[in-house]
Protein chains: 2
Amino acid sequence: MAERLHSAAIHVLRYARQADRVSAIGPAQLSALSVLVYSGPSNLRELADAEQVAPPTMTRIVAALRRGGYVRLKRCPDDARARVVEAAAKGVAALEKARGARLDLIDGMLSRCAPADVALLGKALAAVFPQAP
Amino acid sequence: MAERLHSAAIHVLRYARQADRVSAIGPAQLSALSVLVYSGPSNLRELADAEQVAPPTMTRIVAALRRGGYVRLKRCPDDARARVVEAAAKGVAALEKARGARLDLIDGMLSRCAPADVALLGKALAAVFPQAP
DNA sequence: CCATATAGTTAGCTTAGCTAACTATATGTT
DNA sequence: AACATATAGTTAGCTAAGCTAACTATATGG
């Protein structure tokens, strides 16, 4: 069962990743950006934890996003050491576009299956991953 | 629906990836190795296509796997340009270990859900991804 | 026999990951 | 208040993993 889920997850993401080639932004940057867009502003440490990455790695990812104009950094009012990273409008737009391309691919994949099976999968996923957006 | 599947796949693999930290071998190498172990020997071009990677990248991944003793290279009998890459015993063992660690994590994740939901998910996955091992 | 295609490699770049060591600011204890 | 310790982030320097362009060597088709 774990095997089946693992294999399906790999299959879905491998297929969806094809869409990322159109995006000018790298995969780690895109992933960090999606956290910022969907979970709101964050400091570097939280972002690094969310992405399962060491702090220096997140420093670089955020620096690259900033150079591209995808995020803004602000000073944290209650801690002078920390910065708050926030998605800029350009970042939100880039993320939505990349995400849309991925979802289109997955939609195409699902459209080649029986609708009843897809509906069943939806129900099962909702039950097992209740927090899924 | 595509959204739900995408999100669940990300969630599962992000969680499972924690297990990879124990493995000495990098993620790209592990992934290529799994193709070799489960689909059998292959030449570089096929492997690069399977991994959605450019040929020079696969040259390096295979070189690293070879240095580690995880794969062997043979000459191709019917094409002197090509090499056949084959998993060595050490490679099979390393892959099984890494894979086992990932599956254990996913098992743990699923064990915290209602068994009926998990069974439903299994049925749905089998219907939508019939080729899944 | 030559032209073209294909398998793979080399060179050189970027991104993304790490650890170790550092600066600067908070915080808790005397 | 002073100092010790903890925490936020950065810098430096390494490796792995991705790419394109340009190359070598072998197949293959005319």
# chains A, B, ... in the order shown; residues from 1 in each chain; ligands from 1

call {"tool": "calpha_fit_and_write", "arguments": {"fixed": "chain A", "moving": "chain B", "output": "short mmCIF file (atom, residue, chain, number, x, y, z; two decimals) with C-alpha atoms, in the first residue's frame"}}
result
data_model
loop_
_atom_site.label_atom_id
_atom_site.label_comp_id
_atom_site.auth_asym_id
_atom_site.auth_seq_id
_atom_site.Cartn_x
_atom_site.Cartn_y
_atom_site.Cartn_z
CA MET B 1 -0.02 -0.01 -0.01
CA ALA B 2 2.78 2.42 0.93
CA GLU B 3 4.47 1.18 -2.21
CA ARG B 4 1.50 2.01 -4.36
CA LEU B 5 1.18 5.49 -2.91
CA HIS B 6 4.90 6.16 -3.24
CA SER B 7 4.95 5.01 -6.82
CA ALA B 8 1.88 7.03 -7.76
CA ALA B 9 3.28 10.17 -6.15
CA ILE B 10 6.54 9.80 -8.06
CA HIS B 11 4.66 9.21 -11.26
CA VAL B 12 2.42 12.26 -10.84
CA LEU B 13 5.22 14.66 -9.93
CA ARG B 14 7.59 13.39 -12.58
CA TYR B 15 4.93 13.98 -15.17
CA ALA B 16 3.93 17.38 -13.78
CA ARG B 17 7.54 18.54 -13.64
CA GLN B 18 7.61 18.75 -17.43
CA ALA B 19 5.60 21.93 -17.06
CA ASP B 20 8.35 23.61 -15.06
CA ARG B 21 10.60 23.91 -18.07
CA VAL B 22 8.63 26.90 -19.31
CA SER B 23 9.13 28.73 -16.04
CA ALA B 24 12.27 30.85 -15.88
CA ILE B 25 12.53 30.21 -12.18
CA GLY B 26 14.28 27.17 -10.68
CA PRO B 27 12.50 24.39 -8.80
CA ALA B 28 13.79 25.26 -5.32
CA GLN B 29 12.82 28.89 -5.81
CA LEU B 30 9.40 27.92 -7.09
CA SER B 31 8.82 25.67 -4.13
CA ALA B 32 9.84 28.31 -1.60
CA LEU B 33 7.68 30.84 -3.40
CA SER B 34 4.69 28.56 -3.13
CA VAL B 35 5.12 28.42 0.64
CA LEU B 36 5.19 32.21 0.75
CA VAL B 37 2.15 32.57 -1.45
CA TYR B 38 0.03 29.94 0.27
CA SER B 39 1.15 30.27 3.88
CA GLY B 40 1.91 33.97 3.87
CA PRO B 41 5.06 35.90 4.82
CA SER B 42 7.72 34.09 6.78
CA ASN B 43 11.22 34.52 8.09
CA LEU B 44 14.15 32.58 6.71
CA ARG B 45 14.31 29.99 9.44
CA GLU B 46 10.66 29.02 9.09
CA LEU B 47 11.03 28.91 5.33
CA ALA B 48 14.11 26.70 5.59
CA ASP B 49 12.28 24.35 7.94
CA ALA B 50 9.25 24.23 5.67
CA GLU B 51 11.45 23.35 2.71
CA GLN B 52 13.60 20.92 4.72
CA VAL B 53 16.70 22.83 3.78
CA ALA B 54 19.62 24.26 5.77
CA PRO B 55 19.58 28.00 6.50
CA PRO B 56 22.42 28.95 4.12
CA THR B 57 20.59 27.25 1.29
CA MET B 58 17.49 29.30 2.00
CA THR B 59 19.59 32.45 2.15
CA ARG B 60 20.64 31.80 -1.44
CA ILE B 61 17.20 30.82 -2.67
CA VAL B 62 15.69 33.98 -1.21
CA ALA B 63 18.53 36.09 -2.61
CA ALA B 64 17.81 34.69 -6.07
CA LEU B 65 14.07 35.28 -5.71
CA ARG B 66 14.80 38.81 -4.61
CA ARG B 67 17.10 39.49 -7.56
CA GLY B 68 14.27 38.34 -9.82
CA GLY B 69 11.77 40.64 -8.10
CA TYR B 70 9.61 37.76 -6.91
CA VAL B 71 9.82 38.55 -3.21
CA ARG B 72 10.43 41.51 -0.91
CA LEU B 73 12.32 41.52 2.38
CA LYS B 74 11.25 43.60 5.34
CA ARG B 75 12.73 44.17 8.72
CA CYS B 76 11.01 42.35 11.51
CA PRO B 77 9.60 44.90 13.96
CA ASP B 78 10.09 42.79 17.09
CA ASP B 79 13.47 41.21 16.24
CA ALA B 80 16.22 43.21 14.63
CA ARG B 81 18.10 40.07 13.59
CA ALA B 82 15.29 38.63 11.54
CA ARG B 83 13.90 39.51 8.11
CA VAL B 84 10.43 38.82 6.89
CA VAL B 85 10.15 37.47 3.36
CA GLU B 86 6.99 38.23 1.45
CA ALA B 87 5.85 37.32 -2.06
CA ALA B 88 5.70 40.29 -4.44
CA ALA B 89 2.98 40.64 -7.07
CA LYS B 90 5.38 39.33 -9.70
CA GLY B 91 6.04 36.31 -7.52
CA VAL B 92 2.37 35.53 -7.07
CA ALA B 93 1.83 35.79 -10.82
CA ALA B 94 4.81 33.57 -11.64
CA LEU B 95 3.70 30.96 -9.15
CA GLU B 96 0.13 30.90 -10.40
CA LYS B 97 1.32 30.49 -13.94
CA ALA B 98 3.68 27.62 -13.11
CA ARG B 99 1.12 25.97 -10.91
CA GLY B 100 -1.52 26.29 -13.61
CA ALA B 101 0.74 24.59 -16.13
CA ARG B 102 1.34 21.70 -13.75
CA LEU B 103 -2.34 21.33 -12.96
CA ASP B 104 -3.20 21.36 -16.65
CA LEU B 105 -0.88 18.43 -17.21
CA ILE B 106 -2.36 16.51 -14.31
CA ASP B 107 -5.85 17.31 -15.54
CA GLY B 108 -4.93 15.85 -18.89
CA MET B 109 -3.59 12.76 -17.20
CA LEU B 110 -6.79 12.29 -15.23
CA SER B 111 -9.00 12.95 -18.21
CA ARG B 112 -7.68 9.75 -19.76
CA CYS B 113 -9.09 7.73 -16.86
CA ALA B 114 -12.64 6.65 -16.16
CA PRO B 115 -14.46 9.51 -14.41
CA ALA B 116 -15.76 7.16 -11.76
CA ASP B 117 -12.20 6.15 -10.86
CA VAL B 118 -11.14 9.77 -10.67
CA ALA B 119 -14.06 10.59 -8.41
CA LEU B 120 -13.15 7.67 -6.19
CA LEU B 121 -9.57 8.87 -5.99
CA GLY B 122 -10.78 12.33 -5.01
CA LYS B 123 -12.84 10.91 -2.20
CA ALA B 124 -9.98 8.75 -0.96
CA LEU B 125 -7.47 11.60 -1.06
CA ALA B 126 -9.84 13.88 0.81
CA ALA B 127 -10.19 11.26 3.51
CA VAL B 128 -6.50 10.49 3.87
CA PHE B 129 -5.10 14.03 3.39
CA PRO B 130 -7.78 16.21 4.93
CA GLN B 131 -5.65 19.36 4.99
CA ALA B 132 -5.11 19.31 1.25
CA PRO B 133 -6.26 22.61 -0.26
#

call {"tool": "select_by_dssp", "arguments": {"residues": "chain A", "states": "strand (DSSP E)", "output": "PyMOL selection string"}}
result
chain A and resi 71-75+83-87

call {"tool": "interface_residues", "arguments": {"of": "chain C", "to": "chain B", "cutoff": "10 Å", "atoms": "only C-alpha atoms (C1' of nucleotides)", "output": "list in words"}}
result
DT6, DA7, DG8, DT9 and DT10 of chain C

call {"tool": "atom_distance", "arguments": {"atom1": "C1' of DA17 (chain D)", "atom2": "C1' of DG17 (chain C)"}}
result
9.5 Å

call {"tool": "atom_distance", "arguments": {"atom1": "C1' of DA16 (chain C)", "atom2": "C1' of DA21 (chain D)"}}
result
22.9 Å

call {"tool": "closest_residue", "arguments": {"among": "D:DT26, D:DT5, D:DT10, D:DT20", "to": "chain B", "atoms": "only C-alpha atoms (C1' of nucleotides)"}}
result
D:DT26

call {"tool": "interface_residues", "arguments": {"of": "chain D", "to": "chain B", "cutoff": "9 Å", "atoms": "only C-alpha atoms (C1' of nucleotides)", "output": "MDAnalysis selection string"}}
result
chainID D and resid 16:19 25:27

call {"tool": "select_by_dssp", "arguments": {"residues": "region 22-120 of chain A", "states": "helix (DSSP H, G or I)", "output": "count of residues only"}}
result
63

call {"tool": "atom_distance", "arguments": {"atom1": "C1' of DC2 (chain C)", "atom2": "C1' of DG29 (chain D)"}}
result
10.5 Å
